[in-house]
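**Q** Sharing query-v1.cif here; it has mmCIF, C-alpha atoms and all ligand atoms.
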data_target
#
loop_
_atom_site.group_PDB
_atom_site.id
_atom_site.type_symbol
_atom_site.label_atom_id
_atom_site.label_comp_id
_atom_site.auth_asym_id
_atom_site.auth_seq_id
_atom_site.Cartn_x
_atom_site.Cartn_y
_atom_site.Cartn_z
ATOM 1 C CA GLU R 30 30.450 -13.009 30.719
ATOM 2 C CA PRO R 31 31.574 -10.242 28.352
ATOM 3 C CA LEU R 32 29.285 -9.532 25.443
ATOM 4 C CA SER R 33 30.598 -9.997 21.928
ATOM 5 C CA LYS R 34 31.223 -6.647 20.324
ATOM 6 C CA ALA R 35 28.449 -5.733 17.907
ATOM 7 C CA PRO R 36 29.656 -4.828 14.401
ATOM 8 C CA SER R 37 29.389 -1.313 12.988
ATOM 9 C CA GLN R 38 28.785 -0.495 9.358
ATOM 10 C CA SER R 39 28.388 2.692 7.356
ATOM 11 C CA VAL R 40 24.740 3.090 6.465
ATOM 12 C CA GLY R 41 23.233 5.062 3.592
ATOM 13 C CA PRO R 42 22.505 4.911 -0.125
ATOM 14 C CA GLU R 43 25.002 2.978 -2.270
ATOM 15 C CA TYR R 44 25.954 6.030 -4.351
ATOM 16 C CA ARG R 45 27.431 7.746 -1.303
ATOM 17 C CA SER R 46 31.044 7.051 -0.361
ATOM 18 C CA ALA R 47 31.729 5.362 2.973
ATOM 19 C CA ASP R 48 33.023 8.590 4.572
ATOM 20 C CA GLU R 49 29.745 10.344 3.696
ATOM 21 C CA LYS R 50 27.712 7.720 5.529
ATOM 22 C CA PRO R 51 27.120 7.510 9.279
ATOM 23 C CA LEU R 52 28.217 4.452 11.230
ATOM 24 C CA ALA R 53 25.510 2.360 12.860
ATOM 25 C CA THR R 54 25.466 -0.875 14.812
ATOM 26 C CA VAL R 55 24.264 -3.631 12.527
ATOM 27 C CA SER R 56 23.180 -7.195 13.188
ATOM 28 C CA THR R 57 25.673 -9.787 14.364
ATOM 29 C CA GLU R 58 26.101 -12.458 11.691
ATOM 30 C CA LEU R 59 25.456 -16.069 12.608
ATOM 31 C CA SER R 60 26.914 -19.051 10.786
ATOM 32 C CA ASP R 61 23.772 -21.208 11.138
ATOM 33 C CA LYS R 62 22.403 -21.751 7.622
ATOM 34 C CA ASN R 63 18.795 -21.822 8.812
ATOM 35 C CA VAL R 64 18.965 -18.274 10.197
ATOM 36 C CA THR R 65 18.134 -15.490 7.718
ATOM 37 C CA VAL R 66 18.822 -11.950 8.892
ATOM 38 C CA LEU R 67 17.050 -9.212 6.902
ATOM 39 C CA PRO R 68 19.388 -7.036 4.803
ATOM 40 C CA GLN R 69 20.700 -4.238 7.043
ATOM 41 C CA THR R 70 19.360 -1.447 4.843
ATOM 42 C CA PRO R 71 19.149 2.230 5.868
ATOM 43 C CA GLN R 72 15.347 1.796 6.093
ATOM 44 C CA LEU R 73 15.526 -1.152 8.449
ATOM 45 C CA ILE R 74 18.180 0.457 10.658
ATOM 46 C CA ALA R 75 16.099 3.664 10.875
ATOM 47 C CA LEU R 76 12.963 1.701 11.809
ATOM 48 C CA LEU R 77 14.860 -0.248 14.466
ATOM 49 C CA THR R 78 16.331 3.004 15.807
ATOM 50 C CA MET R 79 12.782 4.302 16.326
ATOM 51 C CA ILE R 80 11.523 1.274 18.229
ATOM 52 C CA ARG R 81 14.671 0.861 20.348
ATOM 53 C CA ASP R 82 14.428 4.468 21.631
ATOM 54 C CA LYS R 83 13.005 4.454 25.161
ATOM 55 C CA ASN R 84 11.432 7.867 24.460
ATOM 56 C CA THR R 85 9.378 6.582 21.517
ATOM 57 C CA LYS R 86 5.676 6.822 22.372
ATOM 58 C CA ARG R 87 3.338 3.901 21.908
ATOM 59 C CA ALA R 88 1.674 5.133 18.693
ATOM 60 C CA ASP R 89 5.069 5.441 16.966
ATOM 61 C CA PHE R 90 6.296 2.174 18.477
ATOM 62 C CA VAL R 91 3.293 0.383 16.970
ATOM 63 C CA PHE R 92 3.617 2.123 13.592
ATOM 64 C CA TYR R 93 7.344 1.429 13.130
ATOM 65 C CA SER R 94 7.154 -2.104 14.549
ATOM 66 C CA ASN R 95 4.392 -2.837 12.041
ATOM 67 C CA ARG R 96 6.628 -1.714 9.196
ATOM 68 C CA ILE R 97 9.398 -4.115 10.285
ATOM 69 C CA ILE R 98 6.839 -6.884 10.735
ATOM 70 C CA ARG R 99 5.695 -6.346 7.146
ATOM 71 C CA LEU R 100 9.296 -6.759 5.937
ATOM 72 C CA LEU R 101 9.602 -10.005 7.930
ATOM 73 C CA VAL R 102 6.380 -11.414 6.505
ATOM 74 C CA GLU R 103 7.395 -10.531 2.934
ATOM 75 C CA GLU R 104 10.778 -12.217 3.432
ATOM 76 C CA GLY R 105 9.169 -15.207 5.173
ATOM 77 C CA LEU R 106 6.898 -15.817 2.186
ATOM 78 C CA ASN R 107 10.009 -16.077 -0.024
ATOM 79 C CA HIS R 108 10.883 -19.254 1.878
ATOM 80 C CA LEU R 109 7.748 -21.090 0.764
ATOM 81 C CA PRO R 110 7.916 -23.340 -2.300
ATOM 82 C CA VAL R 111 6.478 -22.200 -5.621
ATOM 83 C CA VAL R 112 5.430 -24.062 -8.775
ATOM 84 C CA GLU R 113 5.428 -22.973 -12.415
ATOM 85 C CA GLN R 114 2.435 -20.928 -13.490
ATOM 86 C CA THR R 115 1.987 -19.569 -16.998
ATOM 87 C CA VAL R 116 -0.610 -16.880 -17.604
ATOM 88 C CA THR R 117 -1.822 -15.088 -20.726
ATOM 89 C CA THR R 118 -1.694 -11.289 -20.618
ATOM 90 C CA PRO R 119 -4.372 -8.983 -22.151
ATOM 91 C CA VAL R 120 -2.170 -8.515 -25.255
ATOM 92 C CA GLY R 121 -2.285 -12.224 -25.942
ATOM 93 C CA ARG R 122 1.211 -13.175 -24.868
ATOM 94 C CA ASP R 123 2.208 -15.773 -22.305
ATOM 95 C CA TYR R 124 4.147 -14.943 -19.191
ATOM 96 C CA ASN R 125 5.984 -17.759 -17.427
ATOM 97 C CA GLY R 126 5.700 -17.143 -13.714
ATOM 98 C CA VAL R 127 5.149 -18.988 -10.461
ATOM 99 C CA LYS R 128 2.509 -19.390 -7.815
ATOM 100 C CA PHE R 129 2.636 -20.427 -4.212
ATOM 101 C CA GLN R 130 2.056 -24.050 -3.476
ATOM 102 C CA GLY R 131 0.474 -25.446 -0.352
ATOM 103 C CA LYS R 132 -1.530 -24.121 2.554
ATOM 104 C CA ILE R 133 -0.233 -21.893 5.297
ATOM 105 C CA CYS R 134 -1.319 -20.662 8.696
ATOM 106 C CA GLY R 135 0.017 -18.279 11.303
ATOM 107 C CA VAL R 136 0.619 -19.179 14.953
ATOM 108 C CA SER R 137 1.264 -16.348 17.391
ATOM 109 C CA ILE R 138 2.977 -16.776 20.734
ATOM 110 C CA MET R 139 0.775 -14.642 22.978
ATOM 111 C CA ARG R 140 0.851 -11.927 23.982
ATOM 112 C CA ALA R 141 3.639 -10.151 22.044
ATOM 113 C CA GLY R 142 3.317 -12.389 18.962
ATOM 114 C CA GLU R 143 -0.230 -11.155 18.402
ATOM 115 C CA SER R 144 1.293 -7.858 17.247
ATOM 116 C CA MET R 145 2.468 -9.706 14.115
ATOM 117 C CA GLU R 146 -0.915 -11.134 13.093
ATOM 118 C CA GLN R 147 -2.118 -8.088 11.147
ATOM 119 C CA GLY R 148 1.098 -7.929 9.103
ATOM 120 C CA LEU R 149 0.520 -11.545 8.099
ATOM 121 C CA ARG R 150 -3.137 -10.883 7.267
ATOM 122 C CA ASP R 151 -2.144 -7.886 5.135
ATOM 123 C CA CYS R 152 -0.114 -10.243 2.918
ATOM 124 C CA CYS R 153 -2.216 -13.424 3.120
ATOM 125 C CA ARG R 154 -5.921 -12.676 2.866
ATOM 126 C CA SER R 155 -8.114 -14.591 5.356
ATOM 127 C CA VAL R 156 -5.151 -16.598 6.648
ATOM 128 C CA ARG R 157 -5.961 -18.910 9.561
ATOM 129 C CA ILE R 158 -4.218 -17.958 12.797
ATOM 130 C CA GLY R 159 -3.674 -20.244 15.776
ATOM 131 C CA LYS R 160 -2.584 -19.098 19.223
ATOM 132 C CA ILE R 161 -0.244 -20.422 21.875
ATOM 133 C CA LEU R 162 -0.184 -18.619 25.219
ATOM 134 C CA ILE R 163 3.266 -18.915 26.755
ATOM 135 C CA GLN R 164 4.451 -16.565 29.494
ATOM 136 C CA ARG R 165 7.978 -16.268 30.816
ATOM 137 C CA ASP R 166 8.240 -16.391 34.607
ATOM 138 C CA GLU R 167 9.576 -12.974 35.655
ATOM 139 C CA GLU R 168 11.869 -14.468 38.321
ATOM 140 C CA THR R 169 13.288 -17.541 36.602
ATOM 141 C CA SER R 170 12.776 -16.594 32.893
ATOM 142 C CA LYS R 171 11.392 -20.110 32.377
ATOM 143 C CA PRO R 172 8.429 -20.314 30.012
ATOM 144 C CA ARG R 173 5.039 -21.696 31.057
ATOM 145 C CA LEU R 174 2.434 -22.986 28.628
ATOM 146 C CA PHE R 175 -1.118 -21.899 29.500
ATOM 147 C CA TYR R 176 -3.219 -22.444 26.398
ATOM 148 C CA ASP R 177 -3.226 -23.316 22.737
ATOM 149 C CA LYS R 178 -5.809 -23.289 19.971
ATOM 150 C CA LEU R 179 -4.593 -24.383 16.546
ATOM 151 C CA PRO R 180 -6.204 -25.218 13.181
ATOM 152 C CA GLY R 181 -7.276 -28.883 13.152
ATOM 153 C CA ASP R 182 -5.385 -29.575 9.916
ATOM 154 C CA ILE R 183 -2.223 -27.775 11.015
ATOM 155 C CA ALA R 184 -0.112 -30.881 10.268
ATOM 156 C CA ASN R 185 -0.812 -30.228 6.551
ATOM 157 C CA ARG R 186 0.113 -26.545 6.607
ATOM 158 C CA TRP R 187 3.210 -24.435 6.475
ATOM 159 C CA VAL R 188 3.335 -22.614 9.803
ATOM 160 C CA LEU R 189 4.524 -19.020 10.215
ATOM 161 C CA LEU R 190 5.360 -18.871 13.921
ATOM 162 C CA LEU R 191 5.201 -15.301 15.247
ATOM 163 C CA ASP R 192 7.088 -13.806 18.204
ATOM 164 C CA PRO R 193 8.964 -10.485 18.087
ATOM 165 C CA MET R 194 11.521 -11.327 20.796
ATOM 166 C CA LEU R 195 13.837 -14.369 21.026
ATOM 167 C CA ALA R 196 15.782 -14.042 24.293
ATOM 168 C CA THR R 197 16.784 -17.321 25.987
ATOM 169 C CA GLY R 198 14.780 -19.161 23.335
ATOM 170 C CA GLY R 199 12.732 -20.994 25.967
ATOM 171 C CA SER R 200 9.344 -19.704 24.768
ATOM 172 C CA ALA R 201 9.992 -20.401 21.085
ATOM 173 C CA LEU R 202 11.327 -23.903 21.813
ATOM 174 C CA MET R 203 8.202 -24.660 23.836
ATOM 175 C CA ALA R 204 5.966 -23.395 21.020
ATOM 176 C CA VAL R 205 7.770 -25.582 18.468
ATOM 177 C CA ASP R 206 7.289 -28.611 20.735
ATOM 178 C CA VAL R 207 3.536 -27.901 20.758
ATOM 179 C CA LEU R 208 3.510 -27.654 16.927
ATOM 180 C CA LYS R 209 5.515 -30.888 16.569
ATOM 181 C CA SER R 210 3.171 -32.677 18.964
ATOM 182 C CA ARG R 211 0.332 -31.789 16.521
ATOM 183 C CA GLY R 212 2.222 -33.357 13.645
ATOM 184 C CA VAL R 213 3.734 -30.255 12.013
ATOM 185 C CA PRO R 214 7.015 -31.276 10.347
ATOM 186 C CA GLU R 215 9.930 -29.196 11.615
ATOM 187 C CA ASP R 216 10.894 -28.106 8.097
ATOM 188 C CA HIS R 217 7.405 -26.659 7.561
ATOM 189 C CA ILE R 218 7.879 -24.074 10.321
ATOM 190 C CA LEU R 219 9.169 -20.547 9.646
ATOM 191 C CA PHE R 220 9.832 -18.508 12.762
ATOM 192 C CA LEU R 221 9.409 -14.755 12.174
ATOM 193 C CA ASN R 222 11.183 -12.600 14.757
ATOM 194 C CA LEU R 223 12.207 -8.943 15.178
ATOM 195 C CA ILE R 224 15.155 -9.150 17.562
ATOM 196 C CA ALA R 225 17.055 -12.248 18.681
ATOM 197 C CA SER R 226 19.895 -12.748 21.139
ATOM 198 C CA PRO R 227 22.830 -14.676 19.625
ATOM 199 C CA GLU R 228 22.543 -17.402 22.285
ATOM 200 C CA GLY R 229 18.769 -17.755 21.791
ATOM 201 C CA ALA R 230 19.045 -17.895 18.003
ATOM 202 C CA THR R 231 21.954 -20.347 18.079
ATOM 203 C CA THR R 232 20.302 -22.697 20.597
ATOM 204 C CA PHE R 233 17.100 -22.668 18.594
ATOM 205 C CA ALA R 234 18.822 -23.077 15.207
ATOM 206 C CA LYS R 235 20.919 -26.013 16.460
ATOM 207 C CA LYS R 236 18.011 -27.802 18.160
ATOM 208 C CA TYR R 237 15.849 -27.495 15.025
ATOM 209 C CA PRO R 238 18.281 -27.478 12.085
ATOM 210 C CA SER R 239 15.585 -27.768 9.414
ATOM 211 C CA LEU R 240 13.318 -25.046 10.826
ATOM 212 C CA ARG R 241 13.980 -21.600 9.359
ATOM 213 C CA ILE R 242 14.373 -18.434 11.426
ATOM 214 C CA ILE R 243 13.828 -15.065 9.780
ATOM 215 C CA THR R 244 14.876 -12.189 12.006
ATOM 216 C CA ALA R 245 15.443 -8.464 11.520
ATOM 217 C CA PHE R 246 18.404 -8.303 13.899
ATOM 218 C CA VAL R 247 20.676 -10.452 16.064
ATOM 219 C CA ASP R 248 21.606 -8.323 19.071
ATOM 220 C CA GLU R 249 24.609 -8.389 21.444
ATOM 221 C CA GLY R 250 23.310 -10.672 24.179
ATOM 222 C CA LEU R 251 21.259 -10.940 27.350
ATOM 223 C CA ASP R 252 21.459 -9.048 30.628
ATOM 224 C CA GLU R 253 21.196 -10.565 34.118
ATOM 225 C CA LYS R 254 17.371 -10.533 33.883
ATOM 226 C CA ASN R 255 17.528 -12.283 30.490
ATOM 227 C CA TYR R 256 16.430 -9.165 28.619
ATOM 228 C CA ILE R 257 17.935 -8.690 25.189
ATOM 229 C CA VAL R 258 20.632 -5.962 25.062
ATOM 230 C CA PRO R 259 20.646 -3.359 23.725
ATOM 231 C CA GLY R 260 17.169 -4.657 22.792
ATOM 232 C CA LEU R 261 14.068 -2.531 23.190
ATOM 233 C CA GLY R 262 12.741 -3.535 26.606
ATOM 234 C CA ASP R 263 9.466 -5.403 27.006
ATOM 235 C CA PHE R 264 7.949 -5.570 23.515
ATOM 236 C CA GLY R 265 4.474 -6.640 24.669
ATOM 237 C CA ASP R 266 4.202 -3.792 27.178
ATOM 238 C CA ARG R 267 5.415 -1.190 24.668
ATOM 239 C CA TYR R 268 3.081 -2.402 21.886
ATOM 240 C CA PHE R 269 -0.072 -3.124 23.874
ATOM 241 C CA LEU R 270 -0.086 -1.074 27.118
HETATM 242 C C1 LIG C 301 8.429 -12.360 25.785
HETATM 243 C C2 LIG C 301 8.581 -12.465 24.271
HETATM 244 C C3 LIG C 301 8.849 -13.916 24.056
HETATM 245 C C4 LIG C 301 9.658 -14.268 25.268
HETATM 246 C C5 LIG C 301 11.105 -14.298 24.898
HETATM 247 O O1 LIG C 301 7.170 -12.709 26.170
HETATM 248 O O2 LIG C 301 7.468 -12.014 23.548
HETATM 249 O O3 LIG C 301 7.684 -14.706 23.995
HETATM 250 O O4 LIG C 301 9.425 -13.266 26.254
HETATM 251 O O5 LIG C 301 11.885 -14.761 25.942
HETATM 252 P P1 LIG C 301 12.598 -16.191 25.933
HETATM 253 O O6 LIG C 301 13.231 -16.356 24.584
HETATM 254 O O7 LIG C 301 13.625 -16.044 27.024
HETATM 255 O O8 LIG C 301 11.601 -17.233 26.243
HETATM 256 P P2 LIG C 301 6.629 -12.680 27.701
HETATM 257 O O9 LIG C 301 6.664 -14.043 28.287
HETATM 258 O O10 LIG C 301 7.324 -11.590 28.447
HETATM 259 O O11 LIG C 301 5.103 -12.352 27.504
HETATM 260 P P3 LIG C 301 4.340 -11.220 26.678
HETATM 261 O O12 LIG C 301 4.282 -11.734 25.270
HETATM 262 O O13 LIG C 301 3.010 -11.181 27.329
HETATM 263 O O14 LIG C 301 5.086 -9.932 26.791
HETATM 264 N N1 LIG C 302 10.879 -10.294 26.172
HETATM 265 C C1 LIG C 302 10.884 -8.990 25.789
HETATM 266 O O1 LIG C 302 9.842 -8.409 25.483
HETATM 267 N N2 LIG C 302 12.058 -8.362 25.747
HETATM 268 C C2 LIG C 302 13.223 -8.955 26.054
HETATM 269 O O2 LIG C 302 14.282 -8.291 25.989
HETATM 270 C C3 LIG C 302 13.210 -10.304 26.460
HETATM 271 C C4 LIG C 302 12.014 -10.955 26.508
#
In structure tokens, write the structure found in this file.
**A**
Amino acid sequence: EPLSKAPSQSVGPEYRSADEKPLATVSTELSDKNVTVLPQTPQLIALLTMIRDKNTKRADFVFYSNRIIRLLVEEGLNHLPVVEQTVTTPVGRDYNGVKFQGKICGVSIMRAGESMEQGLRDCCRSVRIGKILIQRDEETSKPRLFYDKLPGDIANRWVLLLDPMLATGGSALMAVDVLKSRGVPEDHILFLNLIASPEGATTFAKKYPSLRIITAFVDEGLDEKNYIVPGLGDFGDRYFL
């Protein structure tokens, strides 16, 4: 099946004219309302360029992936509800602001999802983090569930589900089924993801229309081994080994 052509866009600071800016491949846009793609800024495109490069060494891969993960966590937190909060400043004036409402936790899909735990901790001090070990069979690409350990009160928390790669969507769908079986409402799950295939993101978004997906990039598609293309290869191997 032919891949859909990925869009190109001129990338650079706003004050530069289009012909002064280089063209880069940017994320495919999806019509599903529950999919949020990070703004395709020069920063993000440069970070993605680093981690997609097969010649990037592990230390740089980790450093630049962590920067994208931080952007995903910051955007993810914008999808949590807030309530009014008025404070008094040291000069005696009130400021009408907001504060976050409710409890959260992280859940990483092991192994690659564990790379996103520190980024979440950096934004949410002492956040609880559950784990689900799902591995894709290398031959069939079908996911297998090996293990899970989740906070006992997870049904009363907003869950930030962490996995950098969404390929066929099989692993993420299986993880959501585990969360739902523990009583987590679908609309209390935010899935944070670096790179998604269009078919994986669409399948997932349609199956769980009230669950939100926040991704840095929707890529062109999948190859015959169900790797994301152009993608970045095996995220877990490049981050951890
Ligand atoms: C990768 C990735 C996702 C999954 C995506 O993990 O981190 O969990 O594959 O593929 P899917 O959408 O087709 O299910 P993998 O099973 O390779 O294990 P790893 O985390 O140990 O690398
Ligand atoms: N898992 C990865 O790490 N990369 C892919 O492209 C697909 C699944």
**Q** If we count only C-alpha atoms and set the cut-off at 12 Å, which residues sit around Ser239 in chain R, ignoring sequence neighbours fewer than 4 positions away in its own chain? Please answer as a list in words.
**A**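 My list of contacting residues is Asp61, Lys62, Asn63, Val64, Pro214, Glu215, Asp216, His217, Ile218, Leu219, Phe220, Phe233, Ala234 and Lys235 of chain R.
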**Q** What are the closest atom pairs, with distances in Å to one decimal, for each residue of chain R lying within 7 Å of ligand LIG 301 (chain C), using all atoms listed in the file, rows by chain and rising residue number, as a tab-separated table?
**A**
residue	atom	partner	partner_atom	distance
R:Ile138	CA	C:LIG301	O3	6.1
R:Met139	CA	C:LIG301	O12	5.1
R:Arg140	CA	C:LIG301	O12	3.7
R:Ala141	CA	C:LIG301	O12	3.7
R:Gly142	CA	C:LIG301	O2	6.2
R:Ile163	CA	C:LIG301	O9	6.1
R:Gln164	CA	C:LIG301	O9	3.6
R:Arg165	CA	C:LIG301	O9	3.6
R:Asp166	CA	C:LIG301	O9	6.9
R:Ser170	CA	C:LIG301	O7	6.0
R:Lys171	CA	C:LIG301	O8	6.8
R:Pro172	CA	C:LIG301	O8	5.8
R:Asp192	CA	C:LIG301	O2	5.6
R:Pro193	CA	C:LIG301	O2	5.9
R:Met194	CA	C:LIG301	C2	4.7
R:Leu195	CA	C:LIG301	O6	4.1
R:Ala196	CA	C:LIG301	O6	3.5
R:Thr197	CA	C:LIG301	O7	3.6
R:Gly198	CA	C:LIG301	O6	3.4
R:Gly199	CA	C:LIG301	O8	3.9
R:Ser200	CA	C:LIG301	O8	3.7
R:Ala201	CA	C:LIG301	O6	6.3
R:Gly229	CA	C:LIG301	O6	6.4
R:Asn255	CA	C:LIG301	O7	6.4
R:Asp263	CA	C:LIG301	O14	6.3
R:Phe264	CA	C:LIG301	O14	6.2
R:Gly265	CA	C:LIG301	O14	4.0
R:Asp266	CA	C:LIG301	O14	6.2
**Q** Using the chain letters and residue numbers of this document, give as a ChimeraX atom specification the residues selected by the PyMOL selection byres (((chain R and resi 35-47) around 8) and not hetatm).
**A** /R:33-34,48-57,70-71,248-249
**Q** Of the candidates R:Arg154, R:Thr117, R:Ile74, R:Arg81, which shows the shortest atom-to-atom distance to ligand LIG 302 (chain C), using all atoms listed in the file?
**A**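 Of the candidates, the smallest distance to ligand LIG 302 (chain C) is held by R:Arg81.
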**Q** Once 8 Å is added on each side, what centre and edge lengths in Å to one decimal does the axis-aligned box around all listed atoms of range 105-108 of chain R have, as AutoDock Vina command-line options?
**A**
--center_x 8.9 --center_y -17.2 --center_z 2.6 --size_x 20.0 --size_y 20.0 --size_z 21.2
**Q** Which is closest to Gln114 in chain R among R:Ile224, R:Val207, R:Ala230, R:Val127, if we use only C-alpha atoms?
**A** R:Val127
**Q** Run the PyMOL selection byres (((chain R and resi 254) around 10) and not hetatm) on the file and write out the hits as a PyMOL selection string.
**A** chain R and resi 167-170+251-253+255-257
**Q** Which residues come within 12 Å of Leu109 in chain R, counting all atoms listed in the file, excluding same-chain residues fewer than 3 positions away, as a PyMOL selection string?
**A** chain R and resi 102-106+112+127-133+186-189+216-219+241
**Q** Could the residues in this selection be written to a file with C-alpha atoms, as a PDB file, in the coordinates of the input?
**A**
ATOM      1  CA  VAL R 102       6.380 -11.414   6.505  1.00  0.00           C
ATOM      2  CA  GLU R 103       7.395 -10.531   2.934  1.00  0.00           C
ATOM      3  CA  GLU R 104      10.778 -12.217   3.432  1.00  0.00           C
ATOM      4  CA  GLY R 105       9.169 -15.207   5.173  1.00  0.00           C
ATOM      5  CA  LEU R 106       6.898 -15.817   2.186  1.00  0.00           C
ATOM      6  CA  VAL R 112       5.430 -24.062  -8.775  1.00  0.00           C
ATOM      7  CA  VAL R 127       5.149 -18.988 -10.461  1.00  0.00           C
ATOM      8  CA  LYS R 128       2.509 -19.390  -7.815  1.00  0.00           C
ATOM      9  CA  PHE R 129       2.636 -20.427  -4.212  1.00  0.00           C
ATOM     10  CA  GLN R 130       2.056 -24.050  -3.476  1.00  0.00           C
ATOM     11  CA  GLY R 131       0.474 -25.446  -0.352  1.00  0.00           C
ATOM     12  CA  LYS R 132      -1.530 -24.121   2.554  1.00  0.00           C
ATOM     13  CA  ILE R 133      -0.233 -21.893   5.297  1.00  0.00           C
ATOM     14  CA  ARG R 186       0.113 -26.545   6.607  1.00  0.00           C
ATOM     15  CA  TRP R 187       3.210 -24.435   6.475  1.00  0.00           C
ATOM     16  CA  VAL R 188       3.335 -22.614   9.803  1.00  0.00           C
ATOM     17  CA  LEU R 189       4.524 -19.020  10.215  1.00  0.00           C
ATOM     18  CA  ASP R 216      10.894 -28.106   8.097  1.00  0.00           C
ATOM     19  CA  HIS R 217       7.405 -26.659   7.561  1.00  0.00           C
ATOM     20  CA  ILE R 218       7.879 -24.074  10.321  1.00  0.00           C
ATOM     21  CA  LEU R 219       9.169 -20.547   9.646  1.00  0.00           C
ATOM     22  CA  ARG R 241      13.980 -21.600   9.359  1.00  0.00           C
TER      23      ARG R 241
END
**Q** Grab the CA of Thr65 in chain R to CA of Arg96 in chain R distance for me, in Å with one decimal place.
**A** 18.0 Å
**Q** Could you jot down the CA of Met79 in chain R to CA of Ile242 in chain R separation for me, Å, one decimal place?
**A**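 CA of Ile242 in chain R lies 23.3 Å from CA of Met79 in chain R.
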**Q** Enter the distance from CA of Pro259 in chain R to CA of Leu174 in chain R, in Å, rounded to one decimal.
**A**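 These atoms are spaced 27.2 Å apart.
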**Q** Between R:Gly260, R:Pro119, R:Phe269, R:Lys160, single out the one closest to ligand LIG 302 (chain C), counting only C-alpha atoms and all ligand atoms.
**A**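 For ligand LIG 302 (chain C), the nearest of the candidates is R:Gly260.
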**Q** Residues at most 10 Å from Leu223 in chain R, counting all atoms listed in the file, excluding those fewer than 2 positions away in the same chain, as a short mmCIF file (atom, residue, chain, number, x, y, z; two decimals) with C-alpha atoms, in the coordinates of the input?
**A**
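Generated file (result_32.cif):
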data_model
loop_
_atom_site.label_atom_id
_atom_site.label_comp_id
_atom_site.auth_asym_id
_atom_site.auth_seq_id
_atom_site.Cartn_x
_atom_site.Cartn_y
_atom_site.Cartn_z
CA VAL R 66 18.82 -11.95 8.89
CA LEU R 67 17.05 -9.21 6.90
CA LEU R 77 14.86 -0.25 14.47
CA SER R 94 7.15 -2.10 14.55
CA ILE R 97 9.40 -4.12 10.28
CA ILE R 98 6.84 -6.88 10.74
CA LEU R 100 9.30 -6.76 5.94
CA LEU R 101 9.60 -10.01 7.93
CA MET R 145 2.47 -9.71 14.12
CA LEU R 191 5.20 -15.30 15.25
CA ASP R 192 7.09 -13.81 18.20
CA PRO R 193 8.96 -10.48 18.09
CA MET R 194 11.52 -11.33 20.80
CA LEU R 195 13.84 -14.37 21.03
CA LEU R 221 9.41 -14.76 12.17
CA ALA R 225 17.06 -12.25 18.68
CA ILE R 243 13.83 -15.06 9.78
CA THR R 244 14.88 -12.19 12.01
CA ALA R 245 15.44 -8.46 11.52
CA PHE R 246 18.40 -8.30 13.90
CA VAL R 247 20.68 -10.45 16.06
CA PHE R 264 7.95 -5.57 23.52
#
**Q** Name the residues in contact with Lys178 in chain R at a cut-off of 10 Å, using all atoms listed in the file, excluding same-chain residues fewer than 3 positions from it; report them as a list in words.
**A** Val136, Ile158, Gly159, Lys160, Ile161, Leu162 and Gly181 of chain R
